[in-house]
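For reference, model.pdb is printed below; it contains PDB, C-alpha atoms.
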ATOM      1  CA  MET A   1     -63.476   3.016 -12.468
ATOM      2  CA  LYS A   2     -66.823   1.978 -13.947
ATOM      3  CA  LYS A   3     -65.042   0.216 -16.809
ATOM      4  CA  ILE A   4     -62.869  -1.772 -14.385
ATOM      5  CA  ILE A   5     -65.895  -2.900 -12.374
ATOM      6  CA  LEU A   6     -67.688  -3.857 -15.611
ATOM      7  CA  VAL A   7     -64.704  -5.902 -16.859
ATOM      8  CA  ILE A   8     -64.321  -7.674 -13.505
ATOM      9  CA  SER A   9     -68.061  -8.447 -13.415
ATOM     10  CA  ILE A  10     -67.971  -9.933 -16.910
ATOM     11  CA  CYS A  11     -64.960 -12.068 -15.997
ATOM     12  CA  LEU A  12     -66.627 -13.363 -12.836
ATOM     13  CA  ILE A  13     -69.809 -14.212 -14.734
ATOM     14  CA  GLY A  14     -67.736 -16.044 -17.356
ATOM     15  CA  PHE A  15     -65.909 -18.077 -14.735
ATOM     16  CA  SER A  16     -69.107 -19.000 -12.915
ATOM     17  CA  VAL A  17     -70.708 -20.215 -16.157
ATOM     18  CA  GLN A  18     -67.668 -22.392 -16.947
ATOM     19  CA  SER A  19     -67.568 -23.962 -13.499
ATOM     20  CA  GLN A  20     -71.144 -25.235 -13.589
ATOM     21  CA  GLU A  21     -71.324 -29.008 -13.800
ATOM     22  CA  VAL A  22     -73.483 -31.010 -16.130
ATOM     23  CA  LYS A  23     -76.619 -32.026 -14.256
ATOM     24  CA  LYS A  24     -76.641 -35.657 -13.275
ATOM     25  CA  ASN A  25     -79.774 -37.750 -13.578
ATOM     26  CA  LYS A  26     -81.436 -38.875 -10.326
ATOM     27  CA  ASN A  27     -83.183 -41.747 -12.132
ATOM     28  CA  ALA A  28     -80.718 -42.861 -14.787
ATOM     29  CA  LYS A  29     -81.585 -46.129 -16.514
ATOM     30  CA  VAL A  30     -78.638 -48.411 -17.236
ATOM     31  CA  THR A  31     -78.439 -51.880 -18.751
ATOM     32  CA  LEU A  32     -75.533 -54.293 -18.284
ATOM     33  CA  GLU A  33     -74.977 -57.847 -19.446
ATOM     34  CA  VAL A  34     -73.856 -60.075 -16.576
ATOM     35  CA  ASP A  35     -72.954 -63.793 -16.739
ATOM     36  CA  GLY A  36     -74.871 -66.240 -14.564
ATOM     37  CA  VAL A  37     -77.047 -69.359 -14.891
ATOM     38  CA  CYS A  38     -79.655 -69.664 -12.154
ATOM     39  CA  GLY A  39     -81.858 -68.143  -9.495
ATOM     40  CA  MET A  40     -79.026 -68.054  -6.965
ATOM     41  CA  CYS A  41     -76.964 -66.046  -9.474
ATOM     42  CA  LYS A  42     -79.942 -63.722  -9.920
ATOM     43  CA  LYS A  43     -80.173 -63.078  -6.184
ATOM     44  CA  ARG A  44     -76.404 -62.545  -5.862
ATOM     45  CA  ILE A  45     -76.217 -60.103  -8.811
ATOM     46  CA  GLU A  46     -79.270 -58.101  -7.746
ATOM     47  CA  THR A  47     -78.124 -57.938  -4.107
ATOM     48  CA  ALA A  48     -74.634 -56.743  -5.083
ATOM     49  CA  SER A  49     -76.219 -54.045  -7.245
ATOM     50  CA  LEU A  50     -78.772 -52.918  -4.659
ATOM     51  CA  LYS A  51     -76.163 -52.712  -1.887
ATOM     52  CA  THR A  52     -74.412 -50.021  -3.909
ATOM     53  CA  PRO A  53     -75.495 -46.633  -2.502
ATOM     54  CA  GLY A  54     -77.529 -44.798  -5.144
ATOM     55  CA  VAL A  55     -78.970 -47.885  -6.853
ATOM     56  CA  LYS A  56     -82.756 -47.740  -6.593
ATOM     57  CA  PHE A  57     -83.781 -50.713  -8.747
ATOM     58  CA  ALA A  58     -82.002 -53.811 -10.027
ATOM     59  CA  ILE A  59     -83.431 -56.818 -11.842
ATOM     60  CA  TRP A  60     -81.463 -59.478 -13.722
ATOM     61  CA  ASP A  61     -82.966 -61.849 -16.297
ATOM     62  CA  VAL A  62     -81.619 -65.422 -16.236
ATOM     63  CA  LYS A  63     -82.269 -66.093 -19.948
ATOM     64  CA  THR A  64     -80.993 -62.837 -21.462
ATOM     65  CA  HIS A  65     -78.348 -62.094 -18.773
ATOM     66  CA  GLN A  66     -79.534 -58.488 -18.875
ATOM     67  CA  LEU A  67     -79.309 -56.429 -15.683
ATOM     68  CA  ASN A  68     -81.605 -53.403 -15.669
ATOM     69  CA  LEU A  69     -80.772 -50.686 -13.177
ATOM     70  CA  ILE A  70     -82.143 -47.354 -12.040
ATOM     71  CA  LEU A  71     -79.561 -45.278 -10.211
ATOM     72  CA  ASP A  72     -78.870 -41.810  -8.891
ATOM     73  CA  GLU A  73     -75.807 -40.532 -10.778
ATOM     74  CA  ASN A  74     -75.117 -38.074  -7.950
ATOM     75  CA  LYS A  75     -74.429 -40.980  -5.578
ATOM     76  CA  THR A  76     -72.839 -43.691  -7.748
ATOM     77  CA  ASP A  77     -71.633 -44.577 -11.227
ATOM     78  CA  VAL A  78     -71.664 -47.663 -13.428
ATOM     79  CA  ALA A  79     -68.016 -48.504 -12.661
ATOM     80  CA  THR A  80     -68.798 -48.823  -8.940
ATOM     81  CA  ILE A  81     -71.722 -51.146  -9.622
ATOM     82  CA  GLN A  82     -69.584 -53.239 -11.986
ATOM     83  CA  LYS A  83     -66.886 -53.500  -9.295
ATOM     84  CA  ASN A  84     -69.445 -54.802  -6.777
ATOM     85  CA  ILE A  85     -70.802 -57.381  -9.240
ATOM     86  CA  LEU A  86     -67.278 -58.566 -10.080
ATOM     87  CA  ALA A  87     -66.546 -58.869  -6.344
ATOM     88  CA  VAL A  88     -69.333 -61.442  -5.923
ATOM     89  CA  GLY A  89     -67.944 -63.567  -8.786
ATOM     90  CA  HIS A  90     -69.856 -62.601 -11.942
ATOM     91  CA  ASP A  91     -68.357 -61.512 -15.267
ATOM     92  CA  ILE A  92     -69.666 -58.444 -17.120
ATOM     93  CA  ILE A  93     -69.949 -58.574 -20.913
ATOM     94  CA  LEU A  94     -69.232 -55.233 -22.581
ATOM     95  CA  SER A  95     -69.495 -56.432 -26.208
ATOM     96  CA  LYS A  96     -69.074 -59.616 -28.240
ATOM     97  CA  ASP A  97     -65.308 -59.377 -27.994
ATOM     98  CA  LYS A  98     -64.861 -57.652 -24.640
ATOM     99  CA  LYS A  99     -65.732 -58.623 -21.116
ATOM    100  CA  ILE A 100     -64.567 -57.867 -17.609
ATOM    101  CA  SER A 101     -63.863 -61.100 -15.764
ATOM    102  CA  ALA A 102     -64.253 -61.561 -12.041
ATOM    103  CA  LYS A 103     -61.117 -62.615 -10.212
ATOM    104  CA  GLU A 104     -60.684 -66.376  -9.817
ATOM    105  CA  GLU A 105     -60.993 -66.081  -6.048
ATOM    106  CA  ALA A 106     -64.387 -64.357  -6.384
ATOM    107  CA  TYR A 107     -65.573 -66.786  -9.080
ATOM    108  CA  ASN A 108     -64.547 -69.795  -6.973
ATOM    109  CA  SER A 109     -66.592 -68.445  -4.048
ATOM    110  CA  VAL A 110     -69.906 -68.917  -5.920
ATOM    111  CA  HIS A 111     -72.003 -72.033  -5.309
ATOM    112  CA  PRO A 112     -70.933 -75.066  -7.423
ATOM    113  CA  CYS A 113     -74.198 -74.969  -9.392
ATOM    114  CA  CYS A 114     -73.454 -71.337 -10.368
ATOM    115  CA  LYS A 115     -70.163 -72.021 -12.191
ATOM    116  CA  TYR A 116     -71.293 -70.298 -15.402
ATOM    117  CA  ARG A 117     -67.865 -70.706 -17.057
ATOM    118  CA  ASP A 118     -68.338 -74.511 -17.091
ATOM    119  CA  GLU A 119     -70.159 -75.764 -20.215
ATOM    120  CA  GLU A 120     -71.597 -78.813 -18.394
ATOM    121  CA  ILE A 121     -73.217 -76.604 -15.756
ATOM    122  CA  ILE A 122     -74.691 -74.344 -18.459
ATOM    123  CA  LEU A 123     -76.115 -77.343 -20.318
ATOM    124  CA  ASP A 124     -77.473 -78.770 -17.075
ATOM    125  CA  HIS A 125     -79.342 -75.533 -16.331
ATOM    126  CA  GLU A 126     -80.705 -75.408 -19.872
ATOM    127  CA  GLY A 127     -81.929 -79.004 -19.588
ATOM    128  CA  GLY A 128     -79.396 -80.202 -22.166
ATOM    129  CA  MET A 129     -78.036 -82.917 -19.949
ATOM    130  CA  LYS A 130     -80.276 -85.611 -18.549
ATOM    131  CA  LYS A 131     -79.693 -86.506 -14.950
ATOM    132  CA  GLN A 132     -78.406 -90.011 -14.553
ATOM    133  CA  LYS A 133     -80.120 -92.398 -12.185
ATOM    134  CA  LYS A 134     -78.247 -93.532  -9.103
ATOM    135  CA  GLN A 135     -77.253 -97.182  -9.221
TER
END

Written form, structure tokens:
Amino acid sequence: MKKIILVISICLIGFSVQSQEVKKNKNAKVTLEVDGVCGMCKKRIETASLKTPGVKFAIWDVKTHQLNLILDENKTDVATIQKNILAVGHDIILSKDKKISAKEEAYNSVHPCCKYRDEEIILDHEGGMKKQKKQ
């Protein structure tokens, strides 16, 4: 009888050890690269990130296109944040060759000055094009 109780106890301990989850970080730092060209893009990207439950901090840099986040992994994950950014019309760059593009409908909903896929708009924001005088 003692041996049976011992064997059952060892089995239960083994199962409880296996079922424990990996601890998730309450203040995980994540960096994403998100396309955009201006201050309005910055506000849109940061707002979409911060409206995601579990995101504590979000700041996007216009020049580097880098979005720095602090999030609670118990409440959200990176895929959810990416989905929310794509929904407001901004592409996410995963690597040089890979990116997740926002749907055309979402991209077309951004302000005309925020059309980051248009080379003329990019050059205009960088000061590459000189504004022509009205005649």

12 Å contact set for Arg44 of chain A, all atoms listed in the file, chain neighbours under 6 positions out, as a VMD selection string: chain A and resid 34 to 38 50 to 51 58 to 60 62 67 84 to 90 109 to 111 114

Hits from the PyMOL selection byres ((chain A and resi 78) around 12), listed as a short mmCIF file (atom, residue, chain, number, x, y, z; two decimals) with C-alpha atoms, in the coordinates of the input:
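Written output follows (result.cif):
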data_model
loop_
_atom_site.label_atom_id
_atom_site.label_comp_id
_atom_site.auth_asym_id
_atom_site.auth_seq_id
_atom_site.Cartn_x
_atom_site.Cartn_y
_atom_site.Cartn_z
CA ALA A 28 -80.72 -42.86 -14.79
CA LYS A 29 -81.58 -46.13 -16.51
CA VAL A 30 -78.64 -48.41 -17.24
CA THR A 31 -78.44 -51.88 -18.75
CA LEU A 32 -75.53 -54.29 -18.28
CA SER A 49 -76.22 -54.04 -7.24
CA THR A 52 -74.41 -50.02 -3.91
CA PRO A 53 -75.50 -46.63 -2.50
CA GLY A 54 -77.53 -44.80 -5.14
CA VAL A 55 -78.97 -47.88 -6.85
CA LEU A 67 -79.31 -56.43 -15.68
CA ASN A 68 -81.60 -53.40 -15.67
CA LEU A 69 -80.77 -50.69 -13.18
CA ILE A 70 -82.14 -47.35 -12.04
CA LEU A 71 -79.56 -45.28 -10.21
CA ASP A 72 -78.87 -41.81 -8.89
CA GLU A 73 -75.81 -40.53 -10.78
CA ASN A 74 -75.12 -38.07 -7.95
CA LYS A 75 -74.43 -40.98 -5.58
CA THR A 76 -72.84 -43.69 -7.75
CA ASP A 77 -71.63 -44.58 -11.23
CA ALA A 79 -68.02 -48.50 -12.66
CA THR A 80 -68.80 -48.82 -8.94
CA ILE A 81 -71.72 -51.15 -9.62
CA GLN A 82 -69.58 -53.24 -11.99
CA LYS A 83 -66.89 -53.50 -9.30
CA ASN A 84 -69.44 -54.80 -6.78
CA ILE A 85 -70.80 -57.38 -9.24
CA ILE A 92 -69.67 -58.44 -17.12
#

Two-atom distance - atom CA of His125 of chain A, atom CA of Glu46 of chain A (Å):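 These two atoms are separated by 19.4 Å.
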
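Atom to atom, atom CA of Asn108 of chain A and atom CA of Ala48 of chain A stand 16.6 Å apart.
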
Selected residue of minimal separation from Lys63 of chain A among A:Ile8, A:Ile122, A:Cys113, A:Met1, counting all atoms listed in the file: A:Ile122

Between atom CA of Glu120 of chain A and atom CA of Ile100 of chain A - distance in Å to one decimal: 22.1 Å

Draw an axis-aligned box tight on the listed atoms of segment 28-38 of chain A, then pad every side by 6 Å and write out centre and edge lengths in Å to one decimal as lines of an AutoDock Vina configuration file.
center_x = -77.3
center_y = -56.3
center_z = -15.8
size_x = 20.6
size_y = 38.8
size_z = 19.3

Complete the atoms of segment 71-85 of chain A to N, CA, C and O atoms and put them out as an mmCIF file, keeping the file's coordinate frame.
data_model
loop_
_atom_site.group_PDB
_atom_site.id
_atom_site.type_symbol
_atom_site.label_atom_id
_atom_site.label_comp_id
_atom_site.auth_asym_id
_atom_site.auth_seq_id
_atom_site.Cartn_x
_atom_site.Cartn_y
_atom_site.Cartn_z
ATOM 1 N N LEU A 71 -80.494 -45.778 -11.194
ATOM 2 C CA LEU A 71 -79.561 -45.278 -10.211
ATOM 3 C C LEU A 71 -79.528 -43.760 -10.185
ATOM 4 O O LEU A 71 -79.914 -43.104 -11.147
ATOM 5 N N ASP A 72 -79.066 -43.237 -9.073
ATOM 6 C CA ASP A 72 -78.870 -41.810 -8.891
ATOM 7 C C ASP A 72 -77.406 -41.521 -9.226
ATOM 8 O O ASP A 72 -76.505 -41.921 -8.495
ATOM 9 N N GLU A 73 -77.177 -40.809 -10.333
ATOM 10 C CA GLU A 73 -75.807 -40.532 -10.778
ATOM 11 C C GLU A 73 -75.062 -39.588 -9.841
ATOM 12 O O GLU A 73 -73.837 -39.477 -9.936
ATOM 13 N N ASN A 74 -75.778 -38.927 -8.940
ATOM 14 C CA ASN A 74 -75.117 -38.074 -7.950
ATOM 15 C C ASN A 74 -74.459 -38.907 -6.856
ATOM 16 O O ASN A 74 -73.552 -38.436 -6.177
ATOM 17 N N LYS A 75 -74.922 -40.135 -6.667
ATOM 18 C CA LYS A 75 -74.429 -40.980 -5.578
ATOM 19 C C LYS A 75 -73.522 -42.113 -6.033
ATOM 20 O O LYS A 75 -72.729 -42.623 -5.244
ATOM 21 N N THR A 76 -73.650 -42.564 -7.274
ATOM 22 C CA THR A 76 -72.839 -43.691 -7.748
ATOM 23 C C THR A 76 -72.661 -43.604 -9.254
ATOM 24 O O THR A 76 -73.271 -42.778 -9.923
ATOM 25 N N ASP A 77 -71.818 -44.478 -9.780
ATOM 26 C CA ASP A 77 -71.633 -44.577 -11.227
ATOM 27 C C ASP A 77 -71.586 -46.054 -11.622
ATOM 28 O O ASP A 77 -71.537 -46.940 -10.778
ATOM 29 N N VAL A 78 -71.609 -46.292 -12.917
ATOM 30 C CA VAL A 78 -71.664 -47.663 -13.428
ATOM 31 C C VAL A 78 -70.411 -48.450 -13.030
ATOM 32 O O VAL A 78 -70.495 -49.634 -12.702
ATOM 33 N N ALA A 79 -69.265 -47.812 -13.016
ATOM 34 C CA ALA A 79 -68.016 -48.504 -12.661
ATOM 35 C C ALA A 79 -68.072 -49.070 -11.241
ATOM 36 O O ALA A 79 -67.586 -50.182 -10.988
ATOM 37 N N THR A 80 -68.676 -48.353 -10.325
ATOM 38 C CA THR A 80 -68.798 -48.823 -8.940
ATOM 39 C C THR A 80 -69.704 -50.045 -8.866
ATOM 40 O O THR A 80 -69.401 -51.011 -8.165
ATOM 41 N N ILE A 81 -70.795 -50.007 -9.601
ATOM 42 C CA ILE A 81 -71.722 -51.146 -9.622
ATOM 43 C C ILE A 81 -71.030 -52.356 -10.243
ATOM 44 O O ILE A 81 -71.130 -53.476 -9.725
ATOM 45 N N GLN A 82 -70.317 -52.147 -11.342
ATOM 46 C CA GLN A 82 -69.584 -53.239 -11.986
ATOM 47 C C GLN A 82 -68.586 -53.855 -11.017
ATOM 48 O O GLN A 82 -68.462 -55.082 -10.931
ATOM 49 N N LYS A 83 -67.877 -53.019 -10.271
ATOM 50 C CA LYS A 83 -66.886 -53.500 -9.295
ATOM 51 C C LYS A 83 -67.550 -54.401 -8.254
ATOM 52 O O LYS A 83 -67.020 -55.452 -7.897
ATOM 53 N N ASN A 84 -68.733 -54.008 -7.783
ATOM 54 C CA ASN A 84 -69.445 -54.802 -6.777
ATOM 55 C C ASN A 84 -69.944 -56.131 -7.342
ATOM 56 O O ASN A 84 -69.948 -57.144 -6.647
ATOM 57 N N ILE A 85 -70.356 -56.133 -8.599
ATOM 58 C CA ILE A 85 -70.802 -57.381 -9.240
ATOM 59 C C ILE A 85 -69.611 -58.315 -9.451
ATOM 60 O O ILE A 85 -69.700 -59.520 -9.212
#
